[in-house]
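S.K.: Data file work28.csv (CSV, C-alpha atoms) is appended below.
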```csv
chain,number,residue,atom,x,y,z
A,4,MET,CA,-9.1,-18.4,13.6
A,5,ASP,CA,-9.1,-22.0,14.9
A,6,LEU,CA,-11.4,-23.1,12.0
A,7,PHE,CA,-9.4,-21.2,9.4
A,8,VAL,CA,-6.2,-22.9,10.5
A,9,GLU,CA,-7.8,-26.3,10.9
A,10,ASN,CA,-9.8,-26.5,7.7
A,11,GLY,CA,-8.5,-23.6,5.5
A,12,TYR,CA,-10.1,-20.3,5.0
A,13,GLU,CA,-11.9,-21.3,1.8
A,14,GLU,CA,-13.4,-24.4,3.3
A,15,THR,CA,-14.7,-22.7,6.4
A,16,THR,CA,-18.4,-21.6,6.3
A,17,VAL,CA,-20.1,-18.8,8.1
A,18,ALA,CA,-22.4,-21.5,9.7
A,19,GLN,CA,-19.4,-23.3,11.2
A,20,ILE,CA,-17.9,-20.0,12.5
A,21,ALA,CA,-21.2,-19.0,14.1
A,22,ASP,CA,-21.6,-22.5,15.6
A,23,ARG,CA,-18.1,-22.5,17.1
A,24,ALA,CA,-18.7,-19.1,18.6
A,25,GLY,CA,-22.1,-20.1,20.0
A,26,LEU,CA,-24.0,-17.6,17.8
A,27,ASN,CA,-26.6,-18.0,15.1
A,28,ARG,CA,-26.1,-16.8,11.5
A,29,ALA,CA,-28.2,-13.7,12.0
A,30,THR,CA,-26.1,-12.6,15.0
A,31,PHE,CA,-22.9,-13.2,12.9
A,32,PHE,CA,-24.2,-11.0,10.1
A,33,ARG,CA,-25.0,-8.2,12.6
A,34,HIS,CA,-21.3,-8.1,13.4
A,35,PHE,CA,-19.6,-8.9,10.1
A,36,ALA,CA,-20.7,-8.1,6.5
A,37,ASP,CA,-19.0,-11.3,5.2
A,38,LYS,CA,-16.5,-14.0,6.1
A,39,ARG,CA,-13.5,-11.9,5.2
A,40,GLU,CA,-14.5,-9.2,7.7
A,41,VAL,CA,-13.9,-11.7,10.6
A,42,LEU,CA,-10.2,-11.1,9.7
A,43,PHE,CA,-10.3,-7.4,8.8
A,44,GLY,CA,-13.1,-5.9,10.9
A,45,GLY,CA,-10.4,-4.6,13.3
A,46,GLU,CA,-8.9,-2.5,10.6
A,47,ASP,CA,-11.9,-0.1,10.5
A,48,LEU,CA,-11.4,0.4,14.3
A,49,LEU,CA,-7.7,1.1,13.7
A,50,ALA,CA,-8.5,3.7,11.0
A,51,GLY,CA,-10.8,5.5,13.5
A,52,LEU,CA,-8.3,5.4,16.4
A,53,PHE,CA,-5.4,6.7,14.2
A,54,ALA,CA,-7.5,9.6,12.8
A,55,ASP,CA,-9.2,10.6,16.1
A,56,ALA,CA,-5.8,10.8,17.9
A,57,ILE,CA,-4.4,13.0,15.2
A,58,ARG,CA,-7.4,15.3,15.3
A,59,ALA,CA,-7.1,15.5,19.2
A,60,ALA,CA,-3.4,16.3,19.2
A,61,PRO,CA,-2.8,19.9,20.4
A,62,PRO,CA,-2.2,22.6,17.8
A,63,GLY,CA,1.5,23.2,16.9
A,64,VAL,CA,2.8,19.7,17.6
A,65,THR,CA,5.2,18.3,15.1
A,66,LEU,CA,4.2,15.7,12.5
A,67,THR,CA,6.2,13.1,14.4
A,68,GLU,CA,4.3,13.9,17.6
A,69,CYS,CA,1.0,13.4,15.7
A,70,LEU,CA,2.2,10.0,14.6
A,71,GLN,CA,3.3,9.2,18.1
A,72,ALA,CA,-0.1,10.1,19.5
A,73,ALA,CA,-1.8,8.0,16.8
A,74,LEU,CA,0.3,5.0,17.5
A,75,ALA,CA,-0.2,5.4,21.3
A,76,ALA,CA,-4.0,5.4,20.8
A,77,VAL,CA,-3.8,2.2,18.7
A,78,GLY,CA,-1.7,0.7,21.4
A,79,ALA,CA,-4.7,0.7,23.7
A,80,VAL,CA,-6.4,-2.0,21.6
A,81,MET,CA,-3.4,-4.2,21.0
A,82,THR,CA,-4.3,-6.7,23.6
A,83,PRO,CA,-2.5,-10.0,24.5
A,84,GLN,CA,-5.4,-11.8,22.7
A,85,ARG,CA,-4.7,-9.9,19.5
A,86,ARG,CA,-1.0,-10.8,19.8
A,87,ALA,CA,-1.8,-14.4,20.4
A,88,ALA,CA,-4.0,-14.6,17.2
A,89,ALA,CA,-1.6,-12.5,15.1
A,90,ALA,CA,0.8,-15.2,14.0
A,91,ARG,CA,-2.0,-17.5,12.9
A,92,ARG,CA,-3.8,-14.7,11.2
A,93,VAL,CA,-0.7,-13.8,9.1
A,94,LEU,CA,-0.5,-17.4,7.9
A,95,VAL,CA,-4.2,-17.6,6.9
A,96,VAL,CA,-4.0,-14.3,5.0
A,97,ALA,CA,-0.7,-15.2,3.3
A,98,ALA,CA,-2.2,-18.4,1.9
A,99,ASN,CA,-5.1,-16.6,0.1
A,100,ASN,CA,-4.7,-14.0,-2.6
A,101,GLU,CA,-8.2,-12.6,-2.0
A,102,LEU,CA,-7.4,-12.0,1.6
A,103,GLN,CA,-4.1,-10.3,0.8
A,104,GLU,CA,-6.0,-8.0,-1.5
A,105,ARG,CA,-8.6,-7.2,1.1
A,106,GLY,CA,-5.8,-6.6,3.6
A,107,LEU,CA,-4.1,-4.1,1.2
A,108,LEU,CA,-7.4,-2.4,0.7
A,109,LYS,CA,-7.8,-1.9,4.5
A,110,HIS,CA,-4.2,-0.8,4.8
A,111,ALA,CA,-4.9,1.8,2.0
A,112,ARG,CA,-8.0,3.0,3.8
A,113,ILE,CA,-6.2,3.5,7.1
A,114,ALA,CA,-3.5,5.5,5.3
A,115,ARG,CA,-6.2,7.6,3.7
A,116,SER,CA,-7.8,8.2,7.0
A,117,ILE,CA,-4.5,9.3,8.5
A,118,THR,CA,-3.9,11.6,5.5
A,119,ALA,CA,-7.3,13.2,5.9
A,120,ALA,CA,-6.8,13.8,9.6
A,121,LEU,CA,-3.4,15.4,9.0
A,122,ARG,CA,-5.0,17.6,6.2
A,123,GLU,CA,-7.6,18.8,8.6
A,124,ARG,CA,-4.9,20.1,10.8
A,125,GLY,CA,-3.6,22.2,7.9
A,126,THR,CA,-0.7,19.8,6.9
A,127,ASP,CA,0.0,20.2,3.2
A,128,GLU,CA,-1.0,17.3,1.0
A,129,LEU,CA,2.4,15.8,0.3
A,130,THR,CA,3.5,16.0,3.9
A,131,ALA,CA,0.2,14.3,5.0
A,132,ARG,CA,0.7,11.5,2.5
A,133,LEU,CA,4.3,11.0,3.5
A,134,GLY,CA,3.3,11.1,7.2
A,135,ALA,CA,0.6,8.5,6.6
A,136,GLU,CA,3.0,6.1,4.8
A,137,MET,CA,5.5,6.6,7.6
A,138,GLY,CA,2.9,6.0,10.3
A,139,MET,CA,1.7,2.9,8.6
A,140,LEU,CA,5.2,1.6,8.1
A,141,ALA,CA,6.0,2.2,11.8
A,142,PHE,CA,2.8,0.4,12.7
A,143,SER,CA,3.6,-2.6,10.5
A,144,VAL,CA,7.2,-2.8,11.7
A,145,ALA,CA,6.1,-2.5,15.4
A,146,PHE,CA,3.4,-5.1,14.9
A,147,GLU,CA,5.8,-7.6,13.2
A,148,ARG,CA,8.3,-7.2,16.1
A,149,TRP,CA,5.6,-7.4,18.8
A,150,MET,CA,4.0,-10.4,17.2
A,151,LYS,CA,7.3,-12.4,17.6
A,152,THR,CA,7.5,-11.8,21.4
A,153,THR,CA,6.5,-14.7,23.6
A,154,ASP,CA,5.6,-12.8,26.7
A,155,ASP,CA,2.6,-10.5,27.0
A,156,GLU,CA,4.7,-7.4,26.3
A,157,PRO,CA,2.7,-4.2,25.8
A,158,PHE,CA,2.6,-2.7,22.3
A,159,PRO,CA,3.4,1.0,22.9
A,160,PRO,CA,7.2,0.6,23.4
A,161,PHE,CA,7.4,-1.3,20.1
A,162,ALA,CA,5.6,1.5,18.3
A,163,ASP,CA,7.9,4.2,19.8
A,164,GLU,CA,11.0,2.2,18.8
A,165,ALA,CA,9.8,1.5,15.3
A,166,LEU,CA,9.0,5.2,14.7
A,167,SER,CA,12.3,6.4,16.0
A,168,ASP,CA,14.1,3.7,13.9
A,169,LEU,CA,12.3,5.0,10.8
A,170,GLN,CA,13.1,8.6,11.7
A,171,ALA,CA,16.8,7.7,11.8
A,172,ARG,CA,16.5,6.1,8.4
A,173,ALA,CA,14.6,9.0,6.9
A,174,ALA,CA,17.6,11.1,7.5
A,175,GLU,CA,19.3,9.3,4.6
A,176,LEU,CA,16.5,10.4,2.4
A,177,VAL,CA,17.0,14.1,3.0
A,178,LEU,CA,20.7,14.0,2.0
A,179,PRO,CA,21.5,15.9,-1.2
A,180,SER,CA,21.6,13.4,-4.0
A,181,ARG,CA,25.1,13.8,-5.3
A,182,LEU,CA,26.9,13.3,-2.0
A,183,SER,CA,28.7,10.1,-2.6
A,184,ALA,CA,28.6,9.8,-6.4
B,15,MET,CA,-10.0,1.0,-22.5
B,16,ASP,CA,-12.7,2.3,-25.0
B,17,LEU,CA,-14.8,-0.8,-24.2
B,18,PHE,CA,-14.4,-0.4,-20.5
B,19,VAL,CA,-15.4,3.2,-20.6
B,20,GLU,CA,-18.3,2.6,-23.1
B,21,ASN,CA,-19.8,-0.5,-21.5
B,22,GLY,CA,-18.3,-0.7,-18.0
B,23,TYR,CA,-15.6,-3.1,-16.9
B,24,GLU,CA,-17.9,-5.8,-15.6
B,25,GLU,CA,-19.9,-5.9,-18.8
B,26,THR,CA,-17.0,-6.1,-21.2
B,27,THR,CA,-16.0,-9.6,-22.3
B,28,VAL,CA,-12.6,-10.9,-23.4
B,29,ALA,CA,-14.2,-11.8,-26.8
B,30,GLN,CA,-15.2,-8.2,-27.3
B,31,ILE,CA,-11.7,-6.9,-26.3
B,32,ALA,CA,-10.0,-9.4,-28.7
B,33,ASP,CA,-12.4,-8.5,-31.4
B,34,ARG,CA,-11.9,-4.7,-31.0
B,35,ALA,CA,-8.1,-5.3,-31.1
B,36,GLY,CA,-8.4,-7.5,-34.2
B,37,LEU,CA,-7.1,-10.6,-32.3
B,38,ASN,CA,-8.5,-14.0,-31.5
B,39,ARG,CA,-9.1,-15.2,-27.9
B,40,ALA,CA,-6.0,-17.5,-28.0
B,41,THR,CA,-3.8,-14.6,-28.9
B,42,PHE,CA,-5.4,-12.5,-26.1
B,43,PHE,CA,-4.6,-15.2,-23.6
B,44,ARG,CA,-1.0,-15.4,-24.7
B,45,HIS,CA,-0.6,-11.8,-23.6
B,46,PHE,CA,-2.9,-11.6,-20.6
B,47,ALA,CA,-3.8,-14.1,-17.9
B,48,ASP,CA,-7.3,-12.6,-17.5
B,49,LYS,CA,-9.3,-9.5,-18.2
B,50,ARG,CA,-7.9,-7.6,-15.2
B,51,GLU,CA,-4.4,-7.9,-16.5
B,52,VAL,CA,-5.3,-5.7,-19.5
B,53,LEU,CA,-5.3,-2.9,-16.9
B,54,PHE,CA,-2.4,-4.1,-14.8
B,55,GLY,CA,0.0,-6.0,-17.0
B,56,GLY,CA,2.2,-2.8,-17.1
B,57,GLU,CA,2.8,-3.0,-13.4
B,58,ASP,CA,4.9,-6.2,-13.8
B,59,LEU,CA,7.0,-4.3,-16.3
B,60,LEU,CA,7.4,-1.4,-13.9
B,61,ALA,CA,8.5,-3.7,-11.0
B,62,GLY,CA,11.3,-5.1,-13.2
B,63,LEU,CA,12.4,-1.7,-14.4
B,64,PHE,CA,12.6,-0.3,-10.9
B,65,ALA,CA,14.5,-3.2,-9.6
B,66,ASP,CA,16.9,-3.5,-12.5
B,67,ALA,CA,17.8,0.2,-12.3
B,68,ILE,CA,18.5,-0.1,-8.6
B,69,ARG,CA,20.7,-3.2,-9.2
B,70,ALA,CA,22.6,-1.4,-11.9
B,71,ALA,CA,23.3,1.8,-9.9
B,72,PRO,CA,27.1,2.2,-9.1
B,73,PRO,CA,28.2,1.1,-5.6
B,74,GLY,CA,28.3,3.8,-3.1
B,75,VAL,CA,25.5,6.0,-4.5
B,76,THR,CA,23.0,7.3,-1.9
B,77,LEU,CA,19.5,5.9,-1.4
B,78,THR,CA,18.1,9.0,-3.1
B,79,GLU,CA,20.3,8.4,-6.1
B,80,CYS,CA,19.1,4.8,-6.3
B,81,LEU,CA,15.5,6.1,-6.4
B,82,GLN,CA,16.3,8.7,-9.0
B,83,ALA,CA,17.9,6.0,-11.2
B,84,ALA,CA,14.8,3.8,-10.7
B,85,LEU,CA,12.4,6.6,-11.6
B,86,ALA,CA,14.5,7.6,-14.6
B,87,ALA,CA,14.3,4.0,-15.9
B,88,VAL,CA,10.6,3.9,-15.5
B,89,GLY,CA,10.3,7.2,-17.3
B,90,ALA,CA,11.4,5.5,-20.5
B,91,VAL,CA,8.1,3.6,-20.8
B,92,MET,CA,5.9,6.5,-19.7
B,93,THR,CA,4.8,7.2,-23.3
B,94,PRO,CA,2.3,9.8,-24.6
B,95,GLN,CA,-0.1,6.8,-25.3
B,96,ARG,CA,0.1,5.8,-21.6
B,97,ARG,CA,-0.6,9.3,-20.5
B,98,ALA,CA,-3.6,9.6,-22.8
B,99,ALA,CA,-5.0,6.4,-21.4
B,100,ALA,CA,-4.3,7.2,-17.8
B,101,ALA,CA,-7.2,9.4,-16.9
B,102,ARG,CA,-9.7,6.9,-18.3
B,103,ARG,CA,-7.9,4.1,-16.6
B,104,VAL,CA,-8.2,5.8,-13.2
B,105,LEU,CA,-11.9,6.2,-13.7
B,106,VAL,CA,-12.4,2.5,-14.6
B,107,VAL,CA,-10.4,1.3,-11.7
B,108,ALA,CA,-12.0,3.7,-9.2
B,109,ALA,CA,-15.5,2.3,-10.1
B,110,ASN,CA,-14.6,-1.3,-9.3
B,111,ASN,CA,-13.6,-2.6,-5.9
B,112,GLU,CA,-12.0,-5.7,-7.3
B,113,LEU,CA,-9.8,-3.6,-9.6
B,114,GLN,CA,-8.8,-1.3,-6.8
B,115,GLU,CA,-7.7,-4.4,-4.8
B,116,ARG,CA,-5.7,-5.8,-7.8
B,117,GLY,CA,-4.1,-2.3,-8.2
B,118,LEU,CA,-3.0,-2.3,-4.6
B,119,LEU,CA,-1.6,-5.8,-4.9
B,120,LYS,CA,0.4,-4.8,-7.9
B,121,HIS,CA,1.6,-1.6,-6.0
B,122,ALA,CA,2.6,-3.8,-3.1
B,123,ARG,CA,4.5,-6.1,-5.4
B,124,ILE,CA,6.5,-3.2,-7.0
B,125,ALA,CA,7.3,-2.0,-3.5
B,126,ARG,CA,8.6,-5.4,-2.5
B,127,SER,CA,10.7,-5.6,-5.7
B,128,ILE,CA,12.3,-2.3,-4.9
B,129,THR,CA,12.9,-3.4,-1.3
B,130,ALA,CA,14.5,-6.6,-2.5
B,131,ALA,CA,16.8,-4.8,-5.0
B,132,LEU,CA,17.9,-2.3,-2.3
B,133,ARG,CA,18.5,-5.2,0.1
B,134,GLU,CA,20.8,-6.9,-2.5
B,135,ARG,CA,22.9,-3.7,-2.4
B,136,GLY,CA,23.4,-4.2,1.3
B,137,THR,CA,20.8,-1.6,2.4
B,138,ASP,CA,19.4,-2.6,5.8
B,139,GLU,CA,15.8,-3.8,5.9
B,140,LEU,CA,14.1,-0.8,7.4
B,141,THR,CA,15.9,1.7,5.1
B,142,ALA,CA,15.0,-0.5,2.1
B,143,ARG,CA,11.3,-0.6,3.1
B,144,LEU,CA,11.2,3.1,3.7
B,145,GLY,CA,13.1,3.8,0.5
B,146,ALA,CA,10.5,1.6,-1.4
B,147,GLU,CA,7.6,3.5,0.1
B,148,MET,CA,9.3,6.8,-0.7
B,149,GLY,CA,10.0,5.7,-4.3
B,150,MET,CA,6.4,4.5,-4.8
B,151,LEU,CA,5.0,7.7,-3.4
B,152,ALA,CA,7.2,9.8,-5.6
B,153,PHE,CA,6.1,7.7,-8.6
B,154,SER,CA,2.4,8.1,-7.7
B,155,VAL,CA,2.7,11.8,-7.1
B,156,ALA,CA,4.6,12.3,-10.4
B,157,PHE,CA,2.1,10.2,-12.3
B,158,GLU,CA,-0.9,12.1,-10.9
B,159,ARG,CA,0.7,15.4,-11.9
B,160,TRP,CA,1.9,14.2,-15.3
B,161,MET,CA,-1.6,12.7,-16.0
B,162,LYS,CA,-3.2,16.2,-15.6
B,163,THR,CA,-1.0,17.8,-18.3
B,164,THR,CA,-2.5,18.4,-21.7
B,165,ASP,CA,0.6,18.5,-23.8
B,166,ASP,CA,2.8,15.5,-24.4
B,167,GLU,CA,5.3,16.5,-21.7
B,168,PRO,CA,8.0,13.9,-20.8
B,169,PHE,CA,7.6,12.0,-17.5
B,170,PRO,CA,11.2,12.3,-16.0
B,171,PRO,CA,11.0,16.0,-14.9
B,172,PHE,CA,7.8,15.1,-13.0
B,173,ALA,CA,9.6,12.2,-11.3
B,174,ASP,CA,12.6,14.4,-10.3
B,175,GLU,CA,10.3,17.1,-8.9
B,176,ALA,CA,8.1,14.7,-6.9
B,177,LEU,CA,11.1,13.1,-5.4
B,178,SER,CA,12.7,16.3,-4.3
B,179,ASP,CA,9.4,17.6,-3.0
B,180,LEU,CA,9.1,14.5,-0.8
B,181,GLN,CA,12.7,14.8,0.3
B,182,ALA,CA,11.9,18.4,1.5
B,183,ARG,CA,8.9,17.0,3.4
B,184,ALA,CA,10.9,14.1,4.9
B,185,ALA,CA,13.0,16.7,6.7
B,186,GLU,CA,10.0,17.3,9.0
B,187,LEU,CA,10.0,13.6,10.0
B,188,VAL,CA,13.6,13.7,11.2
B,189,LEU,CA,13.0,16.5,13.6
B,190,PRO,CA,13.2,15.5,17.3
B,191,SER,CA,9.7,14.9,18.5
B,192,ARG,CA,9.4,17.4,21.4
B,193,LEU,CA,10.5,20.4,19.4
B,194,SER,CA,7.3,22.5,19.4
B,195,ALA,CA,5.3,20.9,22.2
```
Output the structure of this file as structure tokens.

M.R.:
Amino acid sequence: MDLFVENGYEETTVAQIADRAGLNRATFFRHFADKREVLFGGEDLLAGLFADAIRAAPPGVTLTECLQAALAAVGAVMTPQRRAAAARRVLVVAANNELQERGLLKHARIARSITAALRERGTDELTARLGAEMGMLAFSVAFERWMKTTDDEPFPPFADEALSDLQARAAELVLPSRLSA
Amino acid sequence: MDLFVENGYEETTVAQIADRAGLNRATFFRHFADKREVLFGGEDLLAGLFADAIRAAPPGVTLTECLQAALAAVGAVMTPQRRAAAARRVLVVAANNELQERGLLKHARIARSITAALRERGTDELTARLGAEMGMLAFSVAFERWMKTTDDEPFPPFADEALSDLQARAAELVLPSRLSA
């Protein structure tokens, strides 16, 4: 992240990254398929954590409880180091179209993995897709708020708050459509 | 689309596309910034239609009515030709990672344009973001269902049905979380 911020993402080479981290190139490529994955490798971990938590939730819990469990599981890897890197990471990604596209692809894969885990529980397809979008939006909102804090505050309360804020908003979407026309 | 299906997206050149369409390269590039835009130029149009319809909705209508108006406006350009091309387009995009990423970028831009139009109406930020995700999901679901029809059925009833199906599902998300634990 230091190198990306100092020299720009495009200008930074894998050799420089490996050198700064005290690794050789072979070791780098055992951990990352390419340079972009330095920024997005964590997303595959998130997809797995979300899905495993949903699979492990007891039978009969509500959709919201599934999402709470998934966000709580993800909270375990939202470390102070990740928070400290987040603001710089956002700037690096925003400056590069290719990185934005990769980020959206990862986001879509996490959503698909949440949808699949909900489907395995017997959730119907539309509810699963809506639940995945809701979960991802709660995660994004929580992350944006958490990123802006200056102390090392834990992630889980931000996730709970974002999810319940969105629940309150979702109520507007279930209103019959001709109410105030 | 014929060329992409016949020869593969990667293998098809702009010269071949222009030739098949009876245009020269200069005319092609007046209409499309690059080869990918042949597949995604329509998305910029959609973003504008969604946002304009939301801006034009009367004051005081519900969020759902805004989304209905936006989907109705988009319905006007969902022609039989677009439906006929859709199934082949999906296959071409699915076979190419770069096209999937571009598709997700366009999708994200439409969602941002819906969010911005809702914000201009005074909708708070979280509601606007949730509304945009809901509108995009309704559009995707309607499009998938419409694409599978064999007759030239109009798009608007599919949009209405997808939105009300999602509204019914959203009700599960506003349930208090400890209901069935």

S.K.: Residues of chain B no more than 8 Å from chain A, counting all atoms listed in the file: send them over as an MDAnalysis selection string.

M.R.: chainID B and resid 74:79 114:116 118:119 122 140:141 144:145 147:148 151 179:195

S.K.: In the coordinate frame of the file, compute which residues have an atom within 8 Å of (-4.8, 7.8, 16.5) when using all atoms listed in the file, and state them as a PyMOL selection string.

M.R.: chain A and resi 49-57+70+72-77

S.K.: My list of candidates is A:Glu40, A:Ala135, A:Leu48, A:Arg91. Which is closest to Ala119 in chain A when distances are computed with only C-alpha atoms?

M.R.: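 Answer, going by the shortest atom-to-atom distance: A:Ala135.
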
S.K.: At what distance in Å, to one decimal, does CA of Phe142 in chain A lie from CA of Phe161 in chain A?

M.R.: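 Between these atoms lies a distance of 8.9 Å.
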
S.K.: Do a neighbour search on Met4 in chain A at 10 Å with only C-alpha atoms, toss out local chain neighbours closer than 2 positions, and write the hits as JSON, numbers by chain.

M.R.: {"A": [6, 7, 8, 9, 11, 12, 20, 41, 42, 88, 89, 91, 92, 95]}

S.K.: Counting only C-alpha atoms, figure out which residue out of B:Ser127, B:Asp174, B:Arg133, B:Val104 gets nearest to Lys162 in chain B.

M.R.: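 Answer, going by the shortest atom-to-atom distance: B:Val104.
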
S.K.: What is the distance between CA of Val28 in chain B and CA of Phe42 in chain B, in Å to one decimal?

M.R.: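 Separation between CA of Val28 in chain B and CA of Phe42 in chain B: 7.9 Å.
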
S.K.: Measuring between all atoms listed in the file, which one of B:Asp16, B:Asp58, B:Glu175, B:Glu158 shows the shortest distance to Arg123 in chain B?

M.R.: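 Once distances to Arg123 in chain B are computed over all atoms listed in the file, the minimum belongs to B:Asp58.
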